[in-house]
Every structure is written in C-alpha cells, then in structure tokens.
2 protein chains.
Amino acid sequence: MQTAQHVQQLRSSYIREILSAATATGMISLAGGLPAADLFPHALLQEAMIKVANNPQVFQYGETQGYAPLLEYLRTAYAVSKSHSILVTTGSQQGLDLIARTYINPGDHIALEAPSYLGALQVFTLAQASINPVAQTSGGPDLKSLQQLFESKPIKLFYAVPDFHNPTGISWSLQTRKDVAKLCQAFNVTLIEDAPYRELRFSGNTLPLVSSFCPEQAMVLRSSSKISAPGLRLGSVTGPETWINHLIRVKQTSDLHSSLPMQAVLLEILAHNNFEAHLNKVRRHYHLRYQTLAQAINKYIPTGVSFSEVEGGMFIWLQLTRGDSMAIAKAALEKGVAVVPSHVFYMDDNIQVPALRLNFSYCTPEKLTAAIQALASVI
Amino acid sequence: MQTAQHVQQLRSSYIREILSAATATGMISLAGGLPAADLFPHALLQEAMIKVANNPQVFQYGETQGYAPLLEYLRTAYAVSKSHSILVTTGSQQGLDLIARTYINPGDHIALEAPSYLGALQVFTLAQASINPVAQTSGGPDLKSLQQLFESKPIKLFYAVPDFHNPTGISWSLQTRKDVAKLCQAFNVTLIEDAPYRELRFSGNTLPLVSSFCPEQAMVLRSSSKISAPGLRLGSVTGPETWINHLIRVKQTSDLHSSLPMQAVLLEILAHNNFEAHLNKVRRHYHLRYQTLAQAINKYIPTGVSFSEVEGGMFIWLQLTRGDSMAIAKAALEKGVAVVPSHVFYMDDNIQVPALRLNFSYCTPEKLTAAIQALASVI
C-alpha cells in the first residue's frame, strides 16, 4: 500500500535512529535528550504507582481533556485564567502534533528558530506547512528577521523554545520576550511556546513566559518528562479555551484520551511534599554535569570549537570553526561516543552552522569527561 | 485562530458528549461502549502496578514501536509471521488514526460497513477520505454491494469489524470472511480488520480472522481495553512489516511512544496465570447480562422492536418498526436511561435504519432490566 504524499516528505529522526546504537553497552551517549535515569524520583514513583493501583476509577475510560483532579491541579500550578483551558496530552510532542493537525492547512506559513527542535520539524512537515526558519542570536530569535518575515508572509504561528532551547541551550532575554510578544500581537501570529526545559534552570533568574506578554495570542506546551519521568508520556497544552476545545476534538479522534493511571501517578508526584526537593536535586546534578562538560571542553578541546554558556536545560551547542560536523559525529560514534551533528536541526541547507549538540543530563560527570577526551581525538 | 479545513468537517461524538450526563448519579447508561468496571482484573492490575513500580527501565524514553518484552509476547500470542510486524498504540483508536494519517490522501476512497463505528467515521473524516458505506446483512457486509463498489471505484482500504460489530453486534459468517478476503485480493484493497471485541465471545464458535485469508492484504487492530482495562489506553496494529514501519514513523512524530509503565503492566496481566480465568469470568457475566437484556426486551417491549441475537461483544442493535430514534433516545434520557440513536452511526442520511444501540456490558443485570422497563414507557 502506497503511503500518503505528506508522509513521503517525512524524514526519520537521526536521534531515534541511533537510539539503539547510542544505548548499546559501552557507548557514552551525549546524543539523546534523555534525562538522567538515576535522578528519576523513584521513591515518589513507587509510592504513586501503589496508591494509584488502589484507585479503581482510573482504569475505566475517561474524559478526553484529562483526569479531572490532575486538570484542577495544573490549572492552579500554571495559573490558568478563567478564559483559558488545559488539555493533557501523551507528552508535549502530542500537544504540538495536535496543534499542527488542528490549525495547519497544507501550505500555511509557520515560523520557527533555526536550528530547530527536530520533533517540531517533523510535525510541521507532516502537516505540510510552509516552514520559515528565523536565525537565532545569543538572546533569542533575530528580531529584525522575524519582523521582516511577519511583514512579508501571512505567518499563522511561530513555534519557539524560549527557555534552554533545543539544540542550542539559549534562553531568550527579557527584552526579546516582550518584543516577540508585541510582534505576534501586531501581526496576529499565534505563539506556540514550548517549555519542556523551563524547570531545569540551575543558575540566573527565571524569566516570565513569553506568552505572559501575549496570553490571548499564545498556547504553551509543557512536559512532565524532564521533571518526573518521560516513560509516563504526559504533557499539556494551555491557551484560550476555544482553541483548546478544538484540540480536544482532534485528540478524541486520535486516541480518545491519554492513560489515566499515568495521569493519576503524575498528580501524586507533582503534589507530593518531596517533589520540590527532587527538582532541586535534579537541578544541582545537572549544574554539576554541565560544569564538568564545559570544563572538559575547555581543557581537552582548547581550539577549533566554541560554545555559549547556558543557565539550564540539557544541551551545549558546540560550534566548530572547521571540519564537517557529520563526519566528526560518525568518527566519534566509532570511538564510542554518540553526539548529534547540527545539520539534522535545519530544514535549509544554506543557513547551517557546523556544530554538535552535546547532552549533559544523561551521563555521569565521569562519563562526560571521558566522552570529551574521545571527542577531542576526532575534532 | 482559524482551524484547518479538515477539522471543520469533524463531528463531535454524541457518545462522548453525553458521557457526563450518562455517568451522572442515578442515570442508567446503556450508551457507552464501556466494559464493566466491577469486572476489571483488579487483583492482577494491583500486582502488576506494584511489580512495574520496581522496574526503573520503564520510566525512561523508549522505542516508538513498543516495549520490547510486550512486543515479543504479542508476536507469539498473535502468531505474527516473520514478514509481519507489530506496533503498540495508545488504544486501537490510535492505530486506526495512524493508518489513516499514513495511507490516506485527501479524496482517497475507503469503504466501511454502514452503520459504522463512530470513531472510524471521525478518523476517516479527519483524513478527508471519500467514505463509501456498504450495507450490512445478518452475516456481514452485503457482498454484491461490496463487489460493485470495488469494481466502480479505486477503494484503497476496507475498514471492518467482523467480530461483534459496533453498533450492530453482528459477526461475519465463515463464508463471508473468505469471500471478503478474496474480493480484497482481487481488487487490491487493504483490509483493516478491527477486532476489539473478538475475545468477548460467550456462545458459538470462534471463527478465523478475515485477515487470515488475505494476510498480505490486511492490517489487524487489537485492543486491550475490553480484556484488561481501557484506562491503560493500549492497543496494537499487526501487518506486513513495511506497512507497520511507515506507521512507526508517523507515530514517532505523533507522540514518540505510548506509556512504558502501562505497556509493562499490560504484559504482566496478559502473561499472568490467572488471566484466562479472568477472561472467562468476563465472558460469563457478559453472557448473563446479554440474556437479561434480551429477555427484558422480549418481556417489556413485546411489539414495535426487533433485534438479532448476538454471540458476544457488548451491543444489541434494537431496530424500531416505528418512531424517531433520536426522539426516543432523548425521551429515555429524561427517564434516566442513556442509549444511542442510530443516526450517529451513519454518514449517509438516506440509508439509515431507525434503531437504538444498547450496551449490555457496563450495567448490572438489575439495572439492565430497570433500563428496559423505562425504555418501554417511551417507545
């Protein structure tokens, strides 16, 4: 049977393709966006699983929008206003996919920062959107380019990761947040603010969500994967109620609803007294891992590379002053180290920056140092 | 923000819309396709949840295709051949949605029995398929109409529920199964065999899957919702490996993968020594409930209605010899009984049969009798 035309455009994920190789014994993987399994809240998860096992209600079919007690909790936690609503999704990836399925006609123009989260490129490709990349500066998207784009094309939505961007780790400045919100309002562009790493700040000050400056013009995607555990596959979308209601109708057709026992488990974890301590522990360890990785780069790869400091998240974007990032990634894989070459994060070959995305959340500090020593030998 | 054009065609589910009303205190619901919560395998679920809580691996990201030990188990259980493959999905609903997203171009012709499973109508509407209904007889689809349709239009796939059809409860005869498989082969039509109720047979003999007569021409959707618990949201698709591989790519973009702890819980339940005894208990109780409902209809509504006997599943299709099914459903709701009028199961107003879908799995025998007494007063 022939696949549909829109599926034929879909590129497979380099990262998920090498997942087997990257998780093979002996391999040190800085490739995935995986949180540290040794830092999962195992005690909380166990307690929650046992408690939920005793709640017969969660094993029946439920409402598409989500498990009511979890919705109520998130509504307060995210300070969702009365005119806004929330939908629980199977990971924030599903939230993004639902937005594209619900709002994008083939050919509709959307904007995103380049380089971009690969999962977003796939979603918008499948939706047959016309994808317009905007270059990124150290403080967020290039505002002049963004305005020119909004002026020149009817952009329906702007997808952005303002906190600890994937793949670059960049966080938008306060001024950029305000300026982007203003531009979205001026040009009637919906902001899709993807915030999976927002809670993973280990230095500097938390800045307001971009959407807080244009709440009627935005939807926010949140993930539980980085603060609890990704295996649960839970995230959420918040935004104006009429918009969320359309997403609910499409989700109903997609999978009726997300796992109820998992939603109940997540609620137990988020509402637990020890959750904040767990999050602080994750932040401390990620800070340490980041510092270890940064120091190892400075020590073992003193020339030929550069990177911007990050204040949280999971990634360092290691720019190369010379060499082919794909060739280096392949050579590193042979030395037992998995990293992701920059080209997979771009739609447009012309604007690519030679770089490697290095994840620092997954591996222990010892392995991070060993990985950089190996990487140094191939750069 | 304006929704995409294909979403504007989407009808909301009558059943899910009245779910709140149907589950209100005092209401007797024969409306949903809900399994009996009091027959869930609670002991197995509890044991599985506690066991899985101690398995740290299932809380990390996993492979899109599914949790490897579950895939291995299902491959054996479903006797999946070497050239075929399996994908675990968030309910069989997601399997169907993935098939439509992966294989249907707008305007592609598909066929299905009328009346039809509402979730399938929604999926194919969202995919902008050209939907061709085929009338149903007591032994399955009308073969002459089906052949004429296959001759007259390039039908890409035929969606069918051969075991205890939703909404009619009809099971295809052995000859019909063979004949449909032959037609699919002759006209290069892919059969999508949806088998969520197959294990719920309480009388008569199990017949082979239709796809067993045309394995290279078919994909099979299976659900865990009716044999374990629907809250888990797990199902699967099996079929030729190349076809499944395309579904995996689209699922990766949709939600990366389905919940891993839930997949591990399902495996524990399916592989448990007591699972077969649990299934037999469900079958016994559903048989009793079906008999109770059928007897109550014969006793309290002796004229003006008719129904075909069923050998399993969850539904009786109560045909009305007079009256408006929508008006009767509304009047019943006011008397505290929820049922589904037939028009929601049809795309085409011209071929509708006035009927009510009555679910017998969810309510206790006492409530089923009370429901029919109330229904009798409005028919």
# chains A, B, ... in the order shown; residues from 1 in each chain; ligands from 1

$ residues_around --residues "Ser342 of chain A" --least-positions-apart "2" --cutoff "8 Å" --atoms "only C-alpha atoms" --output "VMD selection string"
chain A and resid 115 325 to 326 340 344 to 346 352 to 357

$ residues_around --residues "Val250 of chain A" --least-positions-apart "5" --cutoff "12 Å" --atoms "only C-alpha atoms" --output "PyMOL selection string"
(chain A and resi 64-65+87+89+94-95+97-103+243-245+255-257) or (chain B and resi 3-4+6-13+94+97+119+122-123+125-127)

$ write_last_selection --atoms "N, CA, C and O atoms" --output "compact mmCIF listing (two decimals), in the first residue's frame"
# COMPACT_ATOMS: atom_id res chain seq x y z
N THR A 64 -11.68 13.01 27.41
CA THR A 64 -10.57 13.29 26.51
C THR A 64 -9.64 14.37 27.07
O THR A 64 -8.42 14.29 26.95
N GLN A 65 -10.22 15.37 27.71
CA GLN A 65 -9.42 16.51 28.18
C GLN A 65 -8.38 16.12 29.21
O GLN A 65 -7.30 16.75 29.27
N LEU A 87 -5.33 21.01 28.30
CA LEU A 87 -5.53 19.66 27.76
C LEU A 87 -4.31 18.83 28.12
O LEU A 87 -3.17 19.26 27.90
N THR A 89 -1.91 15.75 27.36
CA THR A 89 -1.53 15.05 26.13
C THR A 89 -0.52 13.95 26.42
O THR A 89 0.08 13.90 27.50
N GLN A 94 2.77 15.20 21.58
CA GLN A 94 1.41 15.08 21.06
C GLN A 94 0.70 16.43 21.05
O GLN A 94 -0.09 16.71 20.15
N GLY A 95 0.98 17.26 22.05
CA GLY A 95 0.37 18.59 22.07
C GLY A 95 0.73 19.36 20.81
O GLY A 95 -0.14 19.97 20.16
N ASP A 97 1.77 18.11 17.95
CA ASP A 97 1.17 17.45 16.79
C ASP A 97 -0.31 17.81 16.67
O ASP A 97 -0.81 18.07 15.56
N LEU A 98 -1.01 17.84 17.79
CA LEU A 98 -2.44 18.20 17.76
C LEU A 98 -2.63 19.63 17.28
O LEU A 98 -3.57 19.92 16.53
N ILE A 99 -1.76 20.53 17.71
CA ILE A 99 -1.87 21.93 17.26
C ILE A 99 -1.72 21.99 15.73
O ILE A 99 -2.51 22.63 15.04
N ALA A 100 -0.71 21.30 15.22
CA ALA A 100 -0.49 21.32 13.77
C ALA A 100 -1.67 20.68 13.04
O ALA A 100 -2.15 21.21 12.03
N ARG A 101 -2.15 19.56 13.53
CA ARG A 101 -3.28 18.87 12.87
C ARG A 101 -4.54 19.71 12.89
O ARG A 101 -5.36 19.63 11.98
N THR A 102 -4.71 20.46 13.97
CA THR A 102 -5.96 21.20 14.16
C THR A 102 -5.96 22.52 13.43
O THR A 102 -7.01 22.98 12.97
N TYR A 103 -4.79 23.13 13.30
CA TYR A 103 -4.77 24.52 12.81
C TYR A 103 -4.06 24.73 11.48
O TYR A 103 -4.18 25.81 10.89
N TRP A 243 -9.63 27.64 21.63
CA TRP A 243 -8.56 26.95 20.89
C TRP A 243 -8.34 25.55 21.46
O TRP A 243 -8.16 24.57 20.71
N ILE A 244 -8.31 25.46 22.78
CA ILE A 244 -8.08 24.16 23.42
C ILE A 244 -9.23 23.20 23.09
O ILE A 244 -9.02 22.01 22.85
N ASN A 245 -10.46 23.73 23.04
CA ASN A 245 -11.61 22.88 22.73
C ASN A 245 -11.47 22.21 21.36
O ASN A 245 -11.87 21.06 21.18
N ASP A 255 -6.86 9.37 19.91
CA ASP A 255 -6.62 8.28 20.86
C ASP A 255 -7.59 8.26 22.05
O ASP A 255 -7.30 7.62 23.06
N LEU A 256 -8.73 8.95 21.93
CA LEU A 256 -9.76 9.06 22.97
C LEU A 256 -9.25 9.85 24.18
O LEU A 256 -9.81 10.86 24.55
N HIS A 257 -8.17 9.37 24.81
CA HIS A 257 -7.54 10.14 25.89
C HIS A 257 -6.21 9.49 26.24
O HIS A 257 -5.93 8.37 25.78
N THR B 3 -9.40 27.13 12.61
CA THR B 3 -9.00 25.73 12.47
C THR B 3 -8.78 25.38 11.00
O THR B 3 -9.28 26.07 10.11
N ALA B 4 -8.05 24.30 10.78
CA ALA B 4 -7.83 23.83 9.42
C ALA B 4 -9.14 23.33 8.82
O ALA B 4 -10.06 22.95 9.55
N HIS B 6 -9.97 20.62 7.26
CA HIS B 6 -10.38 19.24 7.51
C HIS B 6 -11.00 19.07 8.90
O HIS B 6 -11.79 18.18 9.11
N VAL B 7 -10.62 19.94 9.83
CA VAL B 7 -11.17 19.85 11.19
C VAL B 7 -12.61 20.35 11.23
O VAL B 7 -13.42 19.90 12.03
N GLN B 8 -12.90 21.26 10.33
CA GLN B 8 -14.26 21.83 10.31
C GLN B 8 -15.30 20.78 9.88
O GLN B 8 -16.49 20.95 10.13
N GLN B 9 -14.85 19.71 9.23
CA GLN B 9 -15.77 18.64 8.83
C GLN B 9 -16.08 17.68 9.99
O GLN B 9 -17.00 16.88 9.91
N LEU B 10 -15.25 17.75 11.03
CA LEU B 10 -15.30 16.75 12.09
C LEU B 10 -16.53 16.93 12.98
O LEU B 10 -16.76 18.00 13.53
N ARG B 11 -17.33 15.86 13.10
CA ARG B 11 -18.45 15.91 14.02
C ARG B 11 -17.97 15.47 15.40
O ARG B 11 -17.12 14.60 15.50
N SER B 12 -18.54 16.04 16.42
CA SER B 12 -18.18 15.61 17.76
C SER B 12 -18.92 14.31 18.06
O SER B 12 -19.93 14.01 17.45
N SER B 13 -18.40 13.52 18.97
CA SER B 13 -19.00 12.24 19.28
C SER B 13 -20.19 12.43 20.21
O SER B 13 -20.05 12.93 21.32
N GLN B 94 -5.84 4.85 18.27
CA GLN B 94 -4.65 5.47 17.69
C GLN B 94 -4.13 4.66 16.51
O GLN B 94 -3.65 5.23 15.53
N ASP B 97 -6.17 5.71 13.60
CA ASP B 97 -5.81 7.07 13.20
C ASP B 97 -4.47 7.09 12.49
O ASP B 97 -4.30 7.78 11.48
N GLY B 119 -15.94 6.18 15.88
CA GLY B 119 -14.54 6.59 15.90
C GLY B 119 -13.87 6.42 14.55
O GLY B 119 -12.96 7.18 14.19
N GLN B 122 -14.99 9.29 12.32
CA GLN B 122 -14.24 10.51 12.66
C GLN B 122 -12.83 10.48 12.08
O GLN B 122 -12.35 11.47 11.53
N VAL B 123 -12.16 9.34 12.22
CA VAL B 123 -10.79 9.22 11.72
C VAL B 123 -10.75 9.46 10.21
O VAL B 123 -9.91 10.21 9.71
N THR B 125 -12.97 10.93 8.33
CA THR B 125 -13.37 12.30 8.02
C THR B 125 -12.19 13.24 8.17
O THR B 125 -11.92 14.08 7.30
N LEU B 126 -11.46 13.10 9.28
CA LEU B 126 -10.30 13.97 9.53
C LEU B 126 -9.24 13.77 8.45
O LEU B 126 -8.56 14.72 8.07
N ALA B 127 -9.12 12.55 7.95
CA ALA B 127 -8.15 12.26 6.89
C ALA B 127 -8.66 12.70 5.52
O ALA B 127 -7.96 12.54 4.53

$ atom_distance --atom1 "atom CA of Val265 of chain A" --atom2 "atom CA of Glu47 of chain B"
15.9 Å

$ select_by_dssp --residues "segment 76-294 of chain B" --states "alpha helix (DSSP H)" --output "ChimeraX atom specification"
/B:76-77,91-103,118-126,143-152,174-186,241-255,260-270,275-294

$ residues_around --residues "segment 311-313 of chain A" --least-positions-apart "6" --cutoff "8 Å" --atoms "only C-alpha atoms" --output "list of chain:residue names"
A:Asp163, A:Phe164, A:His165, A:Gly169, A:Ser171, A:Tyr197, A:Arg198, A:Leu200, A:Arg201, A:Phe202, A:Ser203, A:Gly204, A:Arg283, A:Tyr286, A:His287

$ write_last_selection --atoms "all heavy atoms" --output "short mmCIF file (atom, residue, chain, number, x, y, z; two decimals), in the first residue's frame"
data_model
loop_
_atom_site.label_atom_id
_atom_site.label_comp_id
_atom_site.auth_asym_id
_atom_site.auth_seq_id
_atom_site.Cartn_x
_atom_site.Cartn_y
_atom_site.Cartn_z
N ASP A 163 13.09 28.89 26.64
CA ASP A 163 13.91 28.52 27.80
C ASP A 163 14.78 27.33 27.47
O ASP A 163 14.28 26.22 27.30
CB ASP A 163 13.00 28.18 28.99
CG ASP A 163 12.34 29.42 29.58
OD1 ASP A 163 13.08 30.28 30.11
OD2 ASP A 163 11.11 29.53 29.49
N PHE A 164 16.12 27.58 27.39
CA PHE A 164 17.08 26.49 27.17
C PHE A 164 16.72 25.70 25.92
O PHE A 164 16.40 24.51 25.96
CB PHE A 164 17.14 25.58 28.42
CG PHE A 164 17.11 26.37 29.70
CD1 PHE A 164 16.11 26.16 30.65
CD2 PHE A 164 18.05 27.36 29.93
CE1 PHE A 164 16.07 26.91 31.82
CE2 PHE A 164 18.01 28.11 31.11
CZ PHE A 164 17.01 27.88 32.05
N HIS A 165 16.81 26.41 24.84
CA HIS A 165 16.44 25.93 23.51
C HIS A 165 17.10 24.59 23.18
O HIS A 165 18.23 24.33 23.56
CB HIS A 165 16.86 27.00 22.51
CG HIS A 165 16.53 26.69 21.08
ND1 HIS A 165 17.43 26.09 20.22
CD2 HIS A 165 15.41 26.91 20.37
CE1 HIS A 165 16.86 25.96 19.04
NE2 HIS A 165 15.64 26.45 19.10
N GLY A 169 20.51 25.50 23.65
CA GLY A 169 20.60 25.83 25.07
C GLY A 169 20.34 27.29 25.39
O GLY A 169 20.31 27.69 26.55
N SER A 171 18.64 30.87 26.11
CA SER A 171 17.41 31.39 26.70
C SER A 171 17.21 32.82 26.23
O SER A 171 18.16 33.61 26.18
CB SER A 171 17.50 31.39 28.23
OG SER A 171 17.19 30.13 28.73
N TYR A 197 11.94 22.46 29.12
CA TYR A 197 13.14 22.53 29.96
C TYR A 197 13.07 23.64 31.00
O TYR A 197 14.01 23.87 31.75
CB TYR A 197 14.39 22.76 29.08
CG TYR A 197 14.45 21.86 27.88
CD1 TYR A 197 14.24 22.35 26.59
CD2 TYR A 197 14.70 20.50 28.04
CE1 TYR A 197 14.28 21.50 25.50
CE2 TYR A 197 14.74 19.65 26.95
CZ TYR A 197 14.53 20.16 25.68
OH TYR A 197 14.56 19.32 24.60
N ARG A 198 11.95 24.36 31.03
CA ARG A 198 11.84 25.58 31.83
C ARG A 198 12.19 25.37 33.31
O ARG A 198 12.83 26.22 33.93
CB ARG A 198 10.42 26.13 31.69
CG ARG A 198 10.20 27.46 32.39
CD ARG A 198 8.87 28.09 31.95
NE ARG A 198 8.50 29.18 32.83
CZ ARG A 198 8.97 30.41 32.76
NH1 ARG A 198 9.86 30.70 31.82
NH2 ARG A 198 8.58 31.34 33.61
N LEU A 200 14.29 23.39 34.49
CA LEU A 200 15.66 22.89 34.66
C LEU A 200 16.68 24.04 34.73
O LEU A 200 17.80 23.91 34.24
CB LEU A 200 16.02 21.93 33.53
CG LEU A 200 15.17 20.66 33.41
CD1 LEU A 200 15.70 19.77 32.28
CD2 LEU A 200 15.15 19.89 34.73
N ARG A 201 16.31 25.16 35.33
CA ARG A 201 17.25 26.28 35.47
C ARG A 201 18.13 26.04 36.70
O ARG A 201 17.63 25.82 37.79
CB ARG A 201 16.49 27.61 35.62
CG ARG A 201 17.40 28.80 35.89
CD ARG A 201 16.64 30.11 35.97
NE ARG A 201 16.16 30.58 34.67
CZ ARG A 201 16.91 31.22 33.78
NH1 ARG A 201 18.19 31.47 34.04
NH2 ARG A 201 16.39 31.62 32.64
N PHE A 202 19.46 26.11 36.48
CA PHE A 202 20.37 25.91 37.62
C PHE A 202 21.20 27.15 37.93
O PHE A 202 21.98 27.15 38.89
CB PHE A 202 21.26 24.68 37.43
CG PHE A 202 21.87 24.51 36.05
CD1 PHE A 202 22.81 25.41 35.55
CD2 PHE A 202 21.52 23.42 35.27
CE1 PHE A 202 23.38 25.22 34.30
CE2 PHE A 202 22.08 23.23 34.00
CZ PHE A 202 23.01 24.13 33.52
N SER A 203 21.08 28.22 37.13
CA SER A 203 21.70 29.49 37.50
C SER A 203 20.94 30.63 36.84
O SER A 203 20.12 30.40 35.93
CB SER A 203 23.18 29.52 37.11
OG SER A 203 23.32 29.50 35.70
N GLY A 204 21.18 31.87 37.29
CA GLY A 204 20.44 33.02 36.76
C GLY A 204 19.02 33.04 37.26
O GLY A 204 18.62 32.19 38.06
N ARG A 283 18.29 19.71 39.49
CA ARG A 283 18.97 20.95 39.06
C ARG A 283 20.43 20.96 39.51
O ARG A 283 21.32 21.31 38.73
CB ARG A 283 18.23 22.16 39.64
CG ARG A 283 16.86 22.41 39.06
CD ARG A 283 16.24 23.68 39.67
NE ARG A 283 14.84 23.82 39.27
CZ ARG A 283 13.81 23.84 40.12
NH1 ARG A 283 14.00 23.76 41.43
NH2 ARG A 283 12.58 23.97 39.66
N TYR A 286 22.39 18.48 37.38
CA TYR A 286 22.56 18.92 36.00
C TYR A 286 23.57 20.08 35.94
O TYR A 286 24.35 20.18 35.00
CB TYR A 286 21.21 19.35 35.39
CG TYR A 286 20.31 18.19 35.01
CD1 TYR A 286 20.64 16.88 35.35
CD2 TYR A 286 19.14 18.39 34.28
CE1 TYR A 286 19.81 15.81 35.00
CE2 TYR A 286 18.31 17.33 33.92
CZ TYR A 286 18.65 16.04 34.29
OH TYR A 286 17.84 14.99 33.94
N HIS A 287 23.54 20.94 36.97
CA HIS A 287 24.51 22.03 37.02
C HIS A 287 25.93 21.47 37.08
O HIS A 287 26.82 21.88 36.33
CB HIS A 287 24.23 22.91 38.25
CG HIS A 287 24.92 24.25 38.20
ND1 HIS A 287 24.86 25.17 39.22
CD2 HIS A 287 25.69 24.83 37.24
CE1 HIS A 287 25.55 26.24 38.90
NE2 HIS A 287 26.06 26.06 37.70
#

$ residues_around --residues "Ser258 of chain B" --least-positions-apart "6" --cutoff "10 Å" --atoms "only C-alpha atoms" --output "number ranges by chain"
A: 90-91, 231-234, 258-259; B: 61-67, 88-91, 232-235, 251-252

$ atom_distance --atom1 "atom CA of Val134 of chain A" --atom2 "atom CA of Val220 of chain A"
19.9 Å

$ residues_around --residues "Gln185 of chain A" --least-positions-apart "6" --cutoff "10 Å" --atoms "only C-alpha atoms" --output "ChimeraX atom specification"
/A:179,191,213-218

$ atom_distance --atom1 "atom CA of Leu174 of chain A" --atom2 "atom CA of Leu207 of chain A"
6.5 Å

$ select_by_dssp --residues "segment 38-210 of chain A" --states "strand (DSSP E or B)" --output "PyMOL selection string"
chain A and resi 84-89+109-114+130-137+140-141+155-160+190-194+201

$ residues_around --residues "Ser306 of chain B" --least-positions-apart "4" --cutoff "9 Å" --atoms "only C-alpha atoms" --output "list in words"
Ile297, Asn298, Pro302, Trp317, Leu318, Gln319, Leu320 and Thr321 of chain B

$ residues_around --residues "Ser361 of chain B" --least-positions-apart "4" --cutoff "8 Å" --atoms "only C-alpha atoms" --output "list in words"
Gly33, Leu34, Pro35, Ala36, Tyr286, Arg289, Tyr290, Met314 and Phe315 of chain B

$ closest_residue --among "A:Ala329, A:Leu149, A:Leu121, A:Val337" --to "chain B" --atoms "only C-alpha atoms"
A:Leu121

$ closest_residue --among "B:Ile28, B:Ala129, B:Leu267, B:Ala111" --to "chain A" --atoms "only C-alpha atoms"
B:Ala129

$ closest_residue --among "B:Ile227, B:Leu270, B:Ala120, B:Ile131" --to "chain A" --atoms "only C-alpha atoms"
B:Ala120

$ closest_residue --among "A:Met219, A:Ala229, A:Leu293, A:Val310" --to "chain B" --atoms "only C-alpha atoms"
A:Ala229

$ decode --residues "segment 223-251 of chain A" --atoms "N, CA and C atoms" --output "mmCIF file, in the first residue's frame"
data_model
loop_
_atom_site.group_PDB
_atom_site.id
_atom_site.type_symbol
_atom_site.label_atom_id
_atom_site.label_comp_id
_atom_site.auth_asym_id
_atom_site.auth_seq_id
_atom_site.Cartn_x
_atom_site.Cartn_y
_atom_site.Cartn_z
ATOM 1 N N SER A 223 5.880 19.770 29.521
ATOM 2 C CA SER A 223 6.217 18.350 29.539
ATOM 3 C C SER A 223 6.464 17.901 30.962
ATOM 4 N N SER A 224 6.053 16.680 31.281
ATOM 5 C CA SER A 224 6.415 16.126 32.587
ATOM 6 C C SER A 224 7.687 15.290 32.482
ATOM 7 N N SER A 225 8.186 15.129 31.248
ATOM 8 C CA SER A 225 9.279 14.182 31.019
ATOM 9 C C SER A 225 10.571 14.570 31.726
ATOM 10 N N LYS A 226 10.811 15.868 31.836
ATOM 11 C CA LYS A 226 12.099 16.293 32.404
ATOM 12 C C LYS A 226 12.017 16.517 33.903
ATOM 13 N N ILE A 227 10.814 16.617 34.451
ATOM 14 C CA ILE A 227 10.688 16.866 35.886
ATOM 15 C C ILE A 227 10.205 15.625 36.648
ATOM 16 N N SER A 228 9.558 14.686 35.941
ATOM 17 C CA SER A 228 9.218 13.424 36.618
ATOM 18 C C SER A 228 9.917 12.290 35.852
ATOM 19 N N ALA A 229 9.241 11.704 34.857
ATOM 20 C CA ALA A 229 9.873 10.641 34.079
ATOM 21 C C ALA A 229 9.216 10.571 32.703
ATOM 22 N N PRO A 230 10.025 10.475 31.635
ATOM 23 C CA PRO A 230 9.460 10.510 30.282
ATOM 24 C C PRO A 230 8.638 9.287 29.908
ATOM 25 N N GLY A 231 8.922 8.134 30.552
ATOM 26 C CA GLY A 231 8.181 6.921 30.223
ATOM 27 C C GLY A 231 6.684 7.070 30.422
ATOM 28 N N LEU A 232 6.274 7.948 31.349
ATOM 29 C CA LEU A 232 4.850 8.185 31.600
ATOM 30 C C LEU A 232 4.160 8.743 30.366
ATOM 31 N N ARG A 233 4.914 9.494 29.532
ATOM 32 C CA ARG A 233 4.380 10.146 28.332
ATOM 33 C C ARG A 233 3.221 11.086 28.678
ATOM 34 N N LEU A 234 3.534 12.138 29.397
ATOM 35 C CA LEU A 234 2.497 13.124 29.709
ATOM 36 C C LEU A 234 3.021 14.543 29.543
ATOM 37 N N GLY A 235 2.172 15.363 28.968
ATOM 38 C CA GLY A 235 2.453 16.781 28.822
ATOM 39 C C GLY A 235 1.117 17.499 28.820
ATOM 40 N N SER A 236 1.143 18.787 28.506
ATOM 41 C CA SER A 236 -0.116 19.529 28.471
ATOM 42 C C SER A 236 -0.023 20.695 27.504
ATOM 43 N N VAL A 237 -1.180 21.191 27.106
ATOM 44 C CA VAL A 237 -1.281 22.430 26.326
ATOM 45 C C VAL A 237 -2.224 23.354 27.082
ATOM 46 N N THR A 238 -1.829 24.603 27.250
ATOM 47 C CA THR A 238 -2.732 25.611 27.802
ATOM 48 C C THR A 238 -2.896 26.735 26.785
ATOM 49 N N GLY A 239 -4.042 27.421 26.852
ATOM 50 C CA GLY A 239 -4.302 28.533 25.942
ATOM 51 C C GLY A 239 -5.765 28.921 26.004
ATOM 52 N N PRO A 240 -6.175 29.864 25.157
ATOM 53 C CA PRO A 240 -7.579 30.288 25.133
ATOM 54 C C PRO A 240 -8.511 29.079 24.989
ATOM 55 N N GLU A 241 -9.606 29.113 25.731
ATOM 56 C CA GLU A 241 -10.471 27.934 25.835
ATOM 57 C C GLU A 241 -10.994 27.450 24.480
ATOM 58 N N THR A 242 -11.390 28.383 23.616
ATOM 59 C CA THR A 242 -11.935 27.963 22.310
ATOM 60 C C THR A 242 -10.874 27.210 21.497
ATOM 61 N N TRP A 243 -9.627 27.643 21.631
ATOM 62 C CA TRP A 243 -8.561 26.950 20.893
ATOM 63 C C TRP A 243 -8.338 25.546 21.455
ATOM 64 N N ILE A 244 -8.309 25.461 22.782
ATOM 65 C CA ILE A 244 -8.079 24.159 23.423
ATOM 66 C C ILE A 244 -9.234 23.203 23.090
ATOM 67 N N ASN A 245 -10.461 23.735 23.044
ATOM 68 C CA ASN A 245 -11.614 22.880 22.731
ATOM 69 C C ASN A 245 -11.474 22.215 21.361
ATOM 70 N N HIS A 246 -10.938 22.939 20.396
ATOM 71 C CA HIS A 246 -10.710 22.323 19.080
ATOM 72 C C HIS A 246 -9.657 21.218 19.174
ATOM 73 N N LEU A 247 -8.625 21.447 19.970
ATOM 74 C CA LEU A 247 -7.604 20.399 20.143
ATOM 75 C C LEU A 247 -8.217 19.147 20.769
ATOM 76 N N ILE A 248 -9.130 19.351 21.717
ATOM 77 C CA ILE A 248 -9.768 18.213 22.395
ATOM 78 C C ILE A 248 -10.531 17.354 21.384
ATOM 79 N N ARG A 249 -11.229 17.997 20.452
ATOM 80 C CA ARG A 249 -11.974 17.239 19.442
ATOM 81 C C ARG A 249 -11.039 16.396 18.582
ATOM 82 N N VAL A 250 -9.897 16.957 18.224
ATOM 83 C CA VAL A 250 -8.961 16.189 17.389
ATOM 84 C C VAL A 250 -8.291 15.092 18.213
ATOM 85 N N LYS A 251 -7.996 15.392 19.477
ATOM 86 C CA LYS A 251 -7.403 14.339 20.330
ATOM 87 C C LYS A 251 -8.373 13.177 20.521
#
